[in-house]
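Q: CSV, C-alpha atoms, file target.csv:
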```csv
chain,number,residue,atom,x,y,z
A,4,MET,CA,102.8,71.4,157.3
A,5,PRO,CA,99.5,69.9,158.5
A,6,ALA,CA,98.8,66.2,157.8
A,7,GLU,CA,95.6,67.2,155.9
A,8,ALA,CA,97.7,69.0,153.2
A,9,LEU,CA,99.8,65.8,152.6
A,10,GLY,CA,96.8,63.8,151.4
A,11,SER,CA,95.4,62.4,154.6
A,12,PRO,CA,92.1,60.5,154.5
A,13,ALA,CA,90.3,63.6,155.6
A,14,LEU,CA,90.9,65.2,152.2
A,15,ALA,CA,90.4,62.0,150.2
A,16,ASP,CA,86.8,61.6,151.6
A,17,ALA,CA,85.8,65.1,150.9
A,18,PRO,CA,83.0,65.4,148.3
A,19,PRO,CA,83.8,67.3,145.0
A,20,PRO,CA,82.9,70.9,145.0
A,21,ALA,CA,79.3,71.5,144.1
A,22,SER,CA,80.1,74.5,142.0
A,23,ASP,CA,82.0,72.5,139.3
A,24,PRO,CA,79.5,71.9,136.4
A,25,ARG,CA,81.7,69.1,134.9
A,26,ILE,CA,81.1,66.8,137.9
A,27,ILE,CA,77.7,65.2,138.1
A,28,ALA,CA,77.7,62.3,140.5
A,29,ARG,CA,74.3,61.1,139.6
A,30,GLY,CA,70.9,62.3,138.5
A,31,ARG,CA,68.8,62.8,135.5
A,32,GLY,CA,71.5,64.8,133.7
A,33,ASN,CA,73.5,61.6,133.0
A,34,GLN,CA,70.4,59.8,131.7
A,35,ARG,CA,69.6,62.7,129.3
A,36,VAL,CA,73.1,62.6,127.9
A,37,LEU,CA,72.9,58.8,127.4
A,38,ASP,CA,69.5,59.2,125.7
A,39,ALA,CA,70.8,61.9,123.4
A,40,LEU,CA,73.8,59.7,122.4
A,41,LYS,CA,71.5,56.8,121.6
A,42,GLN,CA,69.5,59.1,119.3
A,43,VAL,CA,72.7,60.3,117.5
A,44,LYS,CA,73.8,56.7,117.1
A,45,ARG,CA,70.4,55.7,115.6
A,46,ARG,CA,70.6,58.6,113.1
A,47,ASP,CA,74.2,57.8,112.1
A,48,THR,CA,73.4,54.1,111.4
A,49,ALA,CA,70.3,55.1,109.5
A,50,THR,CA,72.2,57.4,107.1
A,51,GLU,CA,75.3,55.2,106.6
A,52,GLN,CA,76.2,54.4,103.1
A,53,PRO,CA,76.6,50.8,102.0
A,54,ALA,CA,80.2,49.4,102.4
A,55,ALA,CA,80.9,49.4,98.7
A,56,GLN,CA,80.2,53.2,98.5
A,57,LYS,CA,82.1,54.2,101.6
A,58,ALA,CA,85.6,53.7,100.2
A,59,ASP,CA,87.0,53.7,96.7
A,60,VAL,CA,89.0,50.5,97.6
A,61,PRO,CA,88.4,47.7,95.1
A,62,GLU,CA,86.6,44.7,96.3
A,63,GLU,CA,89.0,41.9,97.4
A,64,SER,CA,88.8,38.7,95.3
A,65,VAL,CA,88.0,35.4,96.9
A,66,ALA,CA,91.4,34.1,95.9
A,67,ASP,CA,93.0,37.1,97.7
A,68,ARG,CA,91.0,36.3,100.8
A,69,LEU,CA,92.1,32.7,100.7
A,70,ALA,CA,95.8,33.8,100.1
A,71,ALA,CA,95.8,36.4,102.9
A,72,GLY,CA,97.6,34.1,105.3
A,73,SER,CA,100.3,33.3,102.8
A,74,LEU,CA,100.7,36.9,102.0
A,75,GLN,CA,101.2,37.8,105.7
A,76,VAL,CA,103.7,35.0,106.2
A,77,ALA,CA,105.7,36.3,103.2
A,78,ILE,CA,105.6,39.8,104.4
A,79,ARG,CA,106.9,38.7,107.8
A,80,MET,CA,109.8,36.8,106.1
A,81,GLU,CA,110.6,39.9,104.0
A,82,GLN,CA,110.6,42.2,107.1
A,83,SER,CA,112.9,39.9,109.0
A,84,GLY,CA,115.4,39.9,106.1
A,85,ARG,CA,114.7,36.4,104.8
A,86,LEU,CA,114.2,37.6,101.2
A,87,ASP,CA,115.1,34.4,99.4
A,88,GLU,CA,112.8,32.4,101.6
A,89,ALA,CA,110.0,35.0,101.0
A,90,ILE,CA,110.5,34.8,97.3
A,91,ARG,CA,110.3,30.9,97.3
A,92,TYR,CA,107.3,31.0,99.6
A,93,LEU,CA,105.5,33.5,97.3
A,94,GLU,CA,106.3,31.4,94.2
A,95,ASN,CA,104.9,28.3,95.9
A,96,SER,CA,101.8,30.2,97.1
A,97,ILE,CA,101.2,31.5,93.5
A,98,ALA,CA,101.5,27.9,92.2
A,99,LYS,CA,98.8,26.9,94.7
A,100,SER,CA,96.6,30.0,94.3
A,101,PRO,CA,97.2,31.3,90.7
A,102,ASP,CA,94.2,33.6,90.8
A,103,ALA,CA,95.4,35.7,93.8
A,104,PRO,CA,96.7,39.1,92.4
A,105,SER,CA,98.0,40.2,95.8
A,106,LEU,CA,100.6,37.4,95.7
A,107,TYR,CA,101.9,38.5,92.3
A,108,ASN,CA,102.0,42.1,93.5
A,109,ARG,CA,104.0,41.3,96.6
A,110,LEU,CA,106.5,39.1,94.8
A,111,ALA,CA,106.9,41.8,92.1
A,112,ILE,CA,107.6,44.4,94.8
A,113,ILE,CA,110.3,42.2,96.4
A,114,LEU,CA,111.9,41.5,93.1
A,115,MET,CA,111.8,45.2,92.1
A,116,ARG,CA,113.2,46.6,95.4
A,117,GLU,CA,115.5,44.0,96.6
A,118,ARG,CA,116.7,42.2,93.4
A,119,ALA,CA,116.3,44.9,90.7
A,120,ASP,CA,114.7,42.2,88.5
A,121,LEU,CA,112.4,44.7,86.7
A,122,ARG,CA,111.6,42.4,83.8
A,123,ARG,CA,110.1,39.7,86.0
A,124,ALA,CA,108.5,42.3,88.3
A,125,GLU,CA,106.8,43.7,85.2
A,126,GLN,CA,105.5,40.3,84.2
A,127,LEU,CA,104.1,39.6,87.7
A,128,LEU,CA,102.4,43.0,87.9
A,129,GLN,CA,100.9,42.5,84.4
A,130,LYS,CA,99.4,39.3,85.7
A,131,ALA,CA,98.1,41.1,88.9
A,132,VAL,CA,96.5,43.8,86.7
A,133,GLU,CA,95.0,41.2,84.5
A,134,LEU,CA,93.4,39.4,87.5
A,135,ALA,CA,92.2,42.7,89.1
A,136,PRO,CA,91.9,45.3,86.4
A,137,SER,CA,90.2,47.9,88.6
A,138,HIS,CA,92.9,47.7,91.3
A,139,GLU,CA,94.7,51.1,91.3
A,140,VAL,CA,97.6,50.0,93.4
A,141,TYR,CA,98.6,47.2,91.0
A,142,GLU,CA,98.3,49.6,88.1
A,143,ARG,CA,100.5,52.2,89.9
A,144,ASN,CA,103.1,49.5,90.7
A,145,LEU,CA,103.1,48.4,87.1
A,146,LYS,CA,103.6,52.0,85.9
A,147,SER,CA,106.4,52.4,88.4
A,148,VAL,CA,108.2,49.3,87.1
A,149,LEU,CA,107.7,50.4,83.5
A,150,GLN,CA,109.2,53.8,84.2
A,151,LYS,CA,112.2,52.3,86.0
A,152,ARG,CA,112.8,49.9,83.1
A,153,ALA,CA,112.6,52.8,80.6
A,154,MET,CA,115.1,54.8,82.6
A,155,THR,CA,117.6,51.8,82.8
A,156,LYS,CA,117.5,51.4,79.0
A,157,LYS,CA,118.6,54.9,78.4
```
What do you get writing this file as C-alpha coordinates?
A:
Amino acid sequence: MPAEALGSPALADAPPPASDPRIIARGRGNQRVLDALKQVKRRDTATEQPAAQKADVPEESVADRLAAGSLQVAIRMEQSGRLDEAIRYLENSIAKSPDAPSLYNRLAIILMRERADLRRAEQLLQKAVELAPSHEVYERNLKSVLQKRAMTKK
(Lines of atoms letter the chains of each structure in order from A and count residues from 1; the text may use other names and numbers.)
(Lines give C-alpha, C1' and ligand atoms only; values in the text may rest on other atoms or scores of the structure.)
Protein backbone atom coordinates (compact mmCIF):
# COMPACT_ATOMS: atom_id res chain seq x y z
CA MET A 1 0.00 0.00 0.00
CA PRO A 2 1.46 3.41 -0.89
CA ALA A 3 2.38 5.79 1.93
CA GLU A 4 -0.04 8.41 0.57
CA ALA A 5 -3.02 6.13 1.23
CA LEU A 6 -2.09 5.82 4.91
CA GLY A 7 -2.55 9.52 5.63
CA SER A 8 0.81 10.94 4.73
CA PRO A 9 1.34 14.73 4.69
CA ALA A 10 0.82 14.74 0.95
CA LEU A 11 -2.89 14.00 1.43
CA ALA A 12 -3.34 16.16 4.51
CA ASP A 13 -2.20 19.28 2.65
CA ALA A 14 -4.47 18.69 -0.31
CA PRO A 15 -7.19 21.35 -0.75
CA PRO A 16 -10.82 20.25 -0.47
CA PRO A 17 -12.51 19.36 -3.73
CA ALA A 18 -13.86 22.46 -5.44
CA SER A 19 -16.99 20.63 -6.54
CA ASP A 20 -18.35 20.25 -2.97
CA PRO A 21 -20.88 23.11 -2.48
CA ARG A 22 -20.86 22.71 1.33
CA ILE A 23 -17.23 23.77 1.60
CA ILE A 24 -16.67 27.49 1.22
CA ALA A 25 -13.28 28.48 2.51
CA ARG A 26 -13.76 32.22 2.19
CA GLY A 27 -15.58 34.75 0.15
CA ARG A 28 -18.71 36.81 0.00
CA GLY A 29 -20.94 33.79 0.49
CA ASN A 30 -20.08 33.58 4.18
CA GLN A 31 -20.72 37.28 4.69
CA ARG A 32 -24.16 36.99 3.05
CA VAL A 33 -25.07 34.15 5.39
CA LEU A 34 -23.93 36.12 8.44
CA ASP A 35 -25.90 39.18 7.30
CA ALA A 36 -29.01 37.06 6.77
CA LEU A 37 -28.67 35.54 10.26
CA LYS A 38 -28.39 39.01 11.78
CA GLN A 39 -31.60 40.06 10.02
CA VAL A 40 -33.44 36.99 11.31
CA LYS A 41 -32.18 37.67 14.83
CA ARG A 42 -33.40 41.28 14.64
CA ARG A 43 -36.85 40.16 13.48
CA ASP A 44 -37.07 37.52 16.22
CA THR A 45 -36.21 39.93 19.01
CA ALA A 46 -38.62 42.53 17.67
CA THR A 47 -41.56 40.10 17.69
CA GLU A 48 -40.81 38.42 21.02
CA GLN A 49 -43.57 38.54 23.61
CA PRO A 50 -42.96 39.91 27.08
CA ALA A 51 -41.68 37.31 29.56
CA ALA A 52 -44.98 37.18 31.47
CA GLN A 53 -46.84 36.16 28.31
CA LYS A 54 -44.29 33.58 27.12
CA ALA A 55 -45.10 30.92 29.66
CA ASP A 56 -48.04 30.12 31.86
CA VAL A 57 -45.73 29.75 34.84
CA PRO A 58 -46.87 31.84 37.81
CA GLU A 59 -44.54 34.59 38.86
CA GLU A 60 -42.22 33.62 41.68
CA SER A 61 -42.73 35.53 44.92
CA VAL A 62 -39.96 37.55 46.53
CA ALA A 63 -40.03 35.20 49.52
CA ASP A 64 -39.54 32.23 47.19
CA ARG A 65 -36.57 33.91 45.52
CA LEU A 66 -35.00 34.55 48.91
CA ALA A 67 -35.70 30.97 50.03
CA ALA A 68 -34.38 29.36 46.82
CA GLY A 69 -31.02 28.51 48.37
CA SER A 70 -32.66 26.85 51.37
CA LEU A 71 -34.93 24.90 49.08
CA GLN A 72 -31.97 23.59 47.06
CA VAL A 73 -30.12 22.53 50.21
CA ALA A 74 -33.19 20.64 51.43
CA ILE A 75 -33.62 18.95 48.05
CA ARG A 76 -29.98 17.81 48.10
CA MET A 77 -30.45 16.42 51.60
CA GLU A 78 -33.58 14.59 50.48
CA GLN A 79 -31.84 13.17 47.40
CA SER A 80 -28.96 11.89 49.50
CA GLY A 81 -31.37 10.09 51.83
CA ARG A 82 -31.03 12.46 54.78
CA LEU A 83 -34.81 12.86 55.15
CA ASP A 84 -34.97 13.72 58.86
CA GLU A 85 -32.34 16.38 58.36
CA ALA A 86 -34.19 17.76 55.31
CA ILE A 87 -37.45 17.92 57.27
CA ARG A 88 -35.80 19.77 60.17
CA TYR A 89 -34.03 22.10 57.75
CA LEU A 90 -37.28 22.94 55.94
CA GLU A 91 -39.09 23.52 59.22
CA ASN A 92 -36.34 25.94 60.30
CA SER A 93 -36.40 27.63 56.90
CA ILE A 94 -40.19 28.08 57.13
CA ALA A 95 -39.75 29.64 60.56
CA LYS A 96 -37.29 32.14 59.03
CA SER A 97 -39.27 32.69 55.79
CA PRO A 98 -42.94 32.07 56.58
CA ASP A 99 -44.08 33.68 53.30
CA ALA A 100 -42.26 31.25 50.96
CA PRO A 101 -44.83 28.80 49.55
CA SER A 102 -42.16 26.66 47.87
CA LEU A 103 -40.80 25.63 51.29
CA TYR A 104 -44.26 24.52 52.45
CA ASN A 105 -44.74 22.60 49.21
CA ARG A 106 -41.39 20.76 49.45
CA LEU A 107 -41.92 19.82 53.09
CA ALA A 108 -45.42 18.55 52.25
CA ILE A 109 -44.05 16.42 49.43
CA ILE A 110 -41.45 14.82 51.69
CA LEU A 111 -44.01 14.16 54.41
CA MET A 112 -46.47 12.73 51.92
CA ARG A 113 -44.05 10.47 50.05
CA GLU A 114 -41.64 9.39 52.73
CA ARG A 115 -43.59 9.57 55.99
CA ALA A 116 -47.20 9.11 54.81
CA ASP A 117 -48.17 12.06 57.04
CA LEU A 118 -51.07 13.14 54.85
CA ARG A 119 -52.75 15.30 57.48
CA ARG A 120 -49.72 17.52 57.97
CA ALA A 121 -48.96 17.52 54.22
CA GLU A 122 -52.49 18.80 53.62
CA GLN A 123 -52.02 21.63 56.13
CA LEU A 124 -48.72 22.65 54.55
CA LEU A 125 -50.13 22.60 51.03
CA GLN A 126 -53.16 24.64 52.11
CA LYS A 127 -50.72 27.26 53.40
CA ALA A 128 -48.76 27.15 50.12
CA VAL A 129 -51.98 27.63 48.11
CA GLU A 130 -53.01 30.44 50.44
CA LEU A 131 -49.68 32.20 49.82
CA ALA A 132 -49.70 31.55 46.05
CA PRO A 133 -53.33 31.03 44.98
CA SER A 134 -52.60 31.00 41.24
CA HIS A 135 -49.84 28.39 41.44
CA GLU A 136 -51.19 25.28 39.69
CA VAL A 137 -48.53 22.90 41.03
CA TYR A 138 -49.40 23.63 44.65
CA GLU A 139 -53.10 23.21 43.86
CA ARG A 140 -52.46 19.86 42.14
CA ASN A 141 -50.34 18.65 45.04
CA LEU A 142 -53.11 19.61 47.48
CA LYS A 143 -55.70 17.76 45.40
CA SER A 144 -53.43 14.71 45.33
CA VAL A 145 -53.09 14.71 49.13
CA LEU A 146 -56.85 15.16 49.56
CA GLN A 147 -57.50 12.21 47.25
CA LYS A 148 -55.02 10.02 49.12
CA ARG A 149 -56.58 10.99 52.45
CA ALA A 150 -60.04 10.17 51.13
CA MET A 151 -58.85 6.76 49.94
CA THR A 152 -57.21 5.91 53.28
CA LYS A 153 -60.41 6.75 55.19
CA LYS A 154 -62.44 4.19 53.22
Q: Which of these residues is nearest to A:Ala131, using all atoms listed in the file: A:Ser64, A:Gln150, A:Thr155, A:Ser105?
A: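 Closest residue, counting all atoms listed in the file: A:Ser105.
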Q: For A:Pro101, which of A:Arg143, A:Lys130, A:Arg79, A:Arg116 is the closest residue, counting all atoms listed in the file?
A: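 Going through A:Arg143, A:Lys130, A:Arg79, A:Arg116 one by one, the smallest distance to A:Pro101 is for A:Lys130.
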Q: Kindly give the distance, in Å, that separates atom CA of A:Lys156 and atom CA of A:Leu93, rounded to a single decimal.
A: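 Atom CA of A:Leu93 lies at a distance of 28.3 Å from atom CA of A:Lys156.
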Q: What is the distance between atom CA of A:Ser73 and atom CA of A:Leu114, in Å to one decimal?
A: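 About the pair atom CA of A:Ser73 and atom CA of A:Leu114: they are 17.2 Å apart.
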Q: For A:Gln126, please output as JSON, numbers by chain all residues within 12 Å (counting all atoms listed in the file; exclusion window: fewer than 3 positions along the same chain).
A: {"A": [107, 108, 110, 111, 112, 114, 115, 120, 121, 122, 123, 129, 130, 131, 132, 133, 141, 144, 145, 146, 148, 149]}
Q: Quick one: of A:Leu69, A:Leu128, A:Leu86, A:Met80, who's nearest to A:Lys99, counting only C-alpha atoms?
A: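 Among A:Leu69, A:Leu128, A:Leu86, A:Met80, it is A:Leu69 that comes nearest to A:Lys99.
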Q: To one decimal place in Å, what is the distance between atom CA of A:Val76 and atom CA of A:Asn95?
A: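 Taking atom CA of A:Val76 and atom CA of A:Asn95, their separation equals 12.3 Å.
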Q: Would you please work out which residue, of A:Glu117, A:Glu94, A:Glu63, A:Glu88, is nearest to A:Ala135 when using all atoms listed in the file?
A: A:Glu63
Q: I want to know what sits within 12 Å of A:Gly72, based on only C-alpha atoms, with residues of the same chain fewer than 5 positions away left out; could you give that as an MDAnalysis selection string?
A: chainID A and resid 66:67 77:79 92:93 96 100 103 105:106
